[in-house]
Protein chains: 2
Amino acid sequence: MITVDAALSHLFALVEPLEIEEVPLAEAAGRILARDVTARRDQPPFSASAMDGYALRGDEATPGARFTVIGEAAAGHGFHRAANAGEAVRIFTGAPLPEGATRVIIQEDVTRDGDTITLGADIGTKDHIRPLGCDFRQGQSITAPRALRPADIALMASMNIASVPVRRKPQVALISTGDELVMPGEAPGPDQIIASNTFGLKALLEARGARARILPIARDTVASLTTAFGLAEGADLIITIGGASVGDHDLVGRVAGDLGMDRAFYKVAMRPGKPLMAGRMGGAAMVGLPGNPVSAMVCGQVFVAPMINKMLGLGEGPAPRRETVLAAPLPANGPREHYMRARLTDAGLIAEDKQDSSLLSILAHSDALLVRPPHDPARDAGETVAYLPI
Amino acid sequence: MITVDAALSHLFALVEPLEIEEVPLAEAAGRILARDVTARRDQPPFSASAMDGYALRGDEATPGARFTVIGEAAAGHGFHRAANAGEAVRIFTGAPLPEGATRVIIQEDVTRDGDTITLGADIGTKDHIRPLGCDFRQGQSITAPRALRPADIALMASMNIASVPVRRKPQVALISTGDELVMPGEAPGPDQIIASNTFGLKALLEARGARARILPIARDTVASLTTAFGLAEGADLIITIGGASVGDHDLVGRVAGDLGMDRAFYKVAMRPGKPLMAGRMGGAAMVGLPGNPVSAMVCGQVFVAPMINKMLGLGEGPAPRRETVLAAPLPANGPREHYMRARLTDAGLIAEDKQDSSLLSILAHSDALLVRPPHDPARDAGETVAYLPI
């Protein structure tokens, strides 16, 4: 058996960062920035008023001082003549500051009578000016790689970046295998169950930035599996679920081998989800996941999501963990890394009682996978543990 | 001035949960379940083997015992005759347990010679059986409302729920206003800047489950604003940005009023983002946000996202807060609720030094809005504070 990290190294060797494509800014949220982008201009591009009020020379701004209003500056429409001694310009938020003005007195601190204003007794000390470039300077960068959040999109707009270089979305083909499976909506025979892994994995991988398509279920025959692999054409990553161990009914590895896949089997020291098959087939990476529903989803989280990250240019790293405290004690762990379904509560993390890898209801009820290292000793409530949010 | 909670109450009164639509299961991830759904069957629908091995009568399972193998049960292909005394059935993971069998001995604990098997010296005590219905029973519910996660999708598949009742996505129309604005990709004049708020808000609201469209920039004229409102036709929620206060250049409220909007202005006791305008216009709710970029994004988070939640059937609640410790001390807060841009570090939350509402670069650099209640006293490092993740 190999460790989770060793298995991940094997899987990372199968994929490379995908090519870069340009998308319109309005479609870039959630995508992974692939190259640094730089501001095309200064922001603000001129010193601007931060308030509605009157722009004037700061050295003249004393309580009770009077000024003649010589014009008006609004956002989008500056006043293009200098404010000299004794002169003020009516100004609104975002308007360019007229030449000569070094301070804005807010309108609440001013009395206006015709074209004359008188400053109030308490005008404070703030200049209410946003200096040119105080947000960013032309050439300032947003560095790649970076998952683009709403504030990044707003910032790039402000930088006048209309088109954004991002990694192409990985195309994933999902094949579930087994005579026991039918698709949701079908009428299962007495020995059959409903295919659930492909649906769960599609949701999981698309939330990580992939595009996933669910192929028809492959039956336990060479012909059916061969057909399914054929339908995966064009995918960057082919995921099969079930039939990946070495038992009598595990045809997937054999058929994949016949189709030219240089495959390896990994017994990973983890629970749930021990057997993995992986290799390259034509232009695609291929990973065979175990068929137990919870094993498939945990392997999706622990192995496939990091592969997607690498394809998106986010480097080779394990699924990011968080830490919190245990709300209930845990017995010692065995020799395998254990990903326990658990719930986050105000008191901390509580592992579910039942951890059988067939129990999807428990997975749906959980919001974390508590990670127990191999041979982790018994833990008390209050101790800090690592988990993957799900 | 009114509190953030009071403003939220006014805004909640403008929207109702949207109608329910059915979507295919494969498209349901991230949507909000609108009605309880119930399992169409038991899972597993029969008692099933949890391992590859041999099914036999548990009362005969003693070390060294011998059995005659009378057939084979695979996933999808049960063995449909009873296992009697002295008989065993070769069985694979997921296969229905033959009648009479009450235990599975895993293949590693068995020696096979032709059609005879002999149990090993240590066969453990586990039965390796998944009882009928141990994951869920027919009629068991997933309760609405619920944001559907990957594990929910897998569970619904397993329950044979092929089509899912979810709330329709709110349609949001985003209008930025002001002569100073041009769209990203355009060449701004000397007094102009690039429209960024609509782009940031589109990303923010779509991440919350809305569909947002960016309308052309409305100029500071009645005709241009009237045209923009006309283009918002069909939206559930119209958001204008800028021109919502009561200054000389604030036409939006007037034009909206002329178009029949029963509008109210709210001075909210918060920083950033004081002035809000809100009302209903035709079939849509309308909210006017302040034009400063950071104010618009914070108001999107604090006011618009909860409105989207209500439309999605998630009830009337403020943006959910988390808690963590301060990594650096904070001075006392003033009379307004302050949403401070801050960074989450290993040592806790650190508020940014600069909090001017024009600084998008600081927002993009932050990952939290630290929430300071009105008149919150000075806080030391190590004290627990609330924040909104962004």
# chains A, B, ... in the order shown; residues from 1 in each chain; ligands from 1
call {"tool": "interface_residues", "arguments": {"of": "chain B", "to": "chain A", "cutoff": "7 Å", "atoms": "only C-alpha atoms", "output": "number ranges by chain"}}
result
B: 26, 29, 75-78, 96, 135-136, 150-155, 157-158, 160-162, 179-180, 184-185, 191-192, 194-197, 199-201, 203-204, 359-361, 363-364
call {"tool": "select_by_dssp", "arguments": {"residues": "region 66-274 of chain B", "states": "strand (DSSP E)", "output": "PyMOL selection string"}}
result
chain B and resi 66-73+87-91+103-106+110-113+116-119+129-130+141-142+146-147+163-167+171-176+181-182+193-194+211-214+237-241+262-267+270-271
call {"tool": "write_last_selection", "arguments": {"atoms": "C-alpha atoms", "output": "compact mmCIF listing (two decimals), in the first residue's frame"}}
result
# COMPACT_ATOMS: atom_id res chain seq x y z
CA ARG B 66 -15.92 -26.51 4.82
CA PHE B 67 -18.65 -25.55 2.36
CA THR B 68 -19.68 -26.47 -1.15
CA VAL B 69 -19.85 -23.52 -3.52
CA ILE B 70 -23.20 -23.77 -5.28
CA GLY B 71 -23.15 -20.64 -7.41
CA GLU B 72 -22.17 -17.02 -7.77
CA ALA B 73 -23.81 -13.68 -6.99
CA GLU B 87 -23.47 -24.46 1.15
CA ALA B 88 -21.76 -21.20 0.19
CA VAL B 89 -22.25 -18.75 -2.67
CA ARG B 90 -19.34 -16.92 -4.25
CA ILE B 91 -20.32 -13.27 -3.84
CA ARG B 103 -22.81 -13.67 6.69
CA VAL B 104 -20.07 -13.06 4.15
CA ILE B 105 -16.57 -14.42 4.74
CA ILE B 106 -14.08 -12.28 2.84
CA VAL B 110 -10.98 -18.64 2.64
CA THR B 111 -9.07 -21.42 0.83
CA ARG B 112 -10.80 -22.67 -2.29
CA ASP B 113 -10.21 -26.05 -3.92
CA THR B 116 -15.03 -26.61 -1.89
CA ILE B 117 -13.97 -23.81 0.41
CA THR B 118 -12.37 -24.04 3.83
CA LEU B 119 -12.57 -21.14 6.26
CA ILE B 129 -23.49 -7.32 5.04
CA ARG B 130 -25.27 -4.07 4.24
CA SER B 141 -36.99 12.97 2.81
CA ILE B 142 -34.43 15.58 1.90
CA ARG B 146 -31.49 23.48 0.98
CA ALA B 147 -28.59 24.59 -1.21
CA SER B 163 -35.91 15.80 -11.71
CA VAL B 164 -35.58 18.29 -8.87
CA PRO B 165 -37.92 21.10 -7.76
CA VAL B 166 -35.83 24.24 -7.28
CA ARG B 167 -36.51 27.96 -7.14
CA GLN B 171 -33.07 37.72 -12.85
CA VAL B 172 -31.16 40.85 -11.92
CA ALA B 173 -30.61 43.85 -14.19
CA LEU B 174 -27.58 45.99 -13.31
CA ILE B 175 -27.49 49.63 -14.36
CA SER B 176 -24.56 51.87 -13.62
CA LEU B 181 -18.29 56.08 -16.81
CA VAL B 182 -17.24 54.06 -19.82
CA ILE B 193 -13.26 56.26 -15.29
CA ILE B 194 -14.18 52.66 -16.10
CA ARG B 211 -28.61 35.50 -13.18
CA ALA B 212 -27.42 39.04 -13.74
CA ARG B 213 -27.22 41.08 -16.90
CA ILE B 214 -25.25 44.28 -17.30
CA LEU B 237 -34.68 42.96 -9.36
CA ILE B 238 -33.24 46.13 -10.86
CA ILE B 239 -30.07 47.47 -9.27
CA THR B 240 -28.87 50.96 -10.10
CA ILE B 241 -25.47 52.11 -8.96
CA ASP B 262 -43.00 54.10 -5.12
CA ARG B 263 -39.58 54.78 -3.72
CA ALA B 264 -38.03 55.44 -0.36
CA PHE B 265 -34.59 56.72 0.56
CA TYR B 266 -32.76 55.19 3.51
CA LYS B 267 -29.79 56.69 5.22
CA MET B 270 -23.23 51.93 8.15
CA ARG B 271 -19.81 52.43 6.60
call {"tool": "atom_distance", "arguments": {"atom1": "CA of Ala65 (chain B)", "atom2": "CA of Thr102 (chain B)"}}
result
15.6 Å
call {"tool": "atom_distance", "arguments": {"atom1": "CA of Ser295 (chain A)", "atom2": "CA of Leu370 (chain A)"}}
result
14.3 Å
call {"tool": "residues_around", "arguments": {"residues": "Asp346 (chain A)", "least_positions_apart": "2", "cutoff": "12 Å", "atoms": "only C-alpha atoms", "output": "list in words"}}
result
Thr324, Val325, Leu326, Ala327, Arg343, Leu344, Gly348, Leu349 and Ile350 of chain A; Arg322 and Glu323 of chain B
call {"tool": "residues_around", "arguments": {"residues": "Asp258 (chain B)", "least_positions_apart": "6", "cutoff": "10 Å", "atoms": "only C-alpha atoms", "output": "VMD selection string"}}
result
chain B and resid 222 226 252
call {"tool": "write_last_selection", "arguments": {"atoms": "N, CA, C and O atoms", "output": "PDB file, in the first residue's frame"}}
result
ATOM      1  N   VAL B 222     -32.478  62.393 -18.233  1.00  0.00           N
ATOM      2  CA  VAL B 222     -33.746  61.690 -18.075  1.00  0.00           C
ATOM      3  C   VAL B 222     -33.913  60.656 -19.181  1.00  0.00           C
ATOM      4  O   VAL B 222     -34.300  59.507 -18.943  1.00  0.00           O
ATOM      5  N   THR B 226     -34.288  56.681 -18.579  1.00  0.00           N
ATOM      6  CA  THR B 226     -35.556  56.074 -18.972  1.00  0.00           C
ATOM      7  C   THR B 226     -35.299  54.890 -19.901  1.00  0.00           C
ATOM      8  O   THR B 226     -35.903  53.815 -19.754  1.00  0.00           O
ATOM      9  N   VAL B 252     -31.492  59.605 -10.637  1.00  0.00           N
ATOM     10  CA  VAL B 252     -32.061  58.259 -10.708  1.00  0.00           C
ATOM     11  C   VAL B 252     -33.390  58.176  -9.968  1.00  0.00           C
ATOM     12  O   VAL B 252     -34.378  57.666 -10.501  1.00  0.00           O
TER      13      VAL B 252
END
call {"tool": "atom_distance", "arguments": {"atom1": "CA of Leu312 (chain A)", "atom2": "CA of Val15 (chain A)"}}
result
10.2 Å
call {"tool": "residues_around", "arguments": {"residues": "Met281 (chain A)", "least_positions_apart": "4", "cutoff": "8 Å", "atoms": "only C-alpha atoms", "output": "JSON, numbers by chain"}}
result
{"A": [256, 259, 260, 261, 262, 285, 286]}
call {"tool": "closest_residue", "arguments": {"among": "B:Arg35, B:Arg254, B:Arg57, B:Arg372", "to": "Leu330 (chain B)", "atoms": "only C-alpha atoms"}}
result
B:Arg372
call {"tool": "residues_around", "arguments": {"residues": "Ala144 (chain B)", "least_positions_apart": "3", "cutoff": "8 Å", "atoms": "only C-alpha atoms", "output": "list in words"}}
result
Ile32, Leu33, Ala34, Arg35, Asp36 and Val37 of chain B
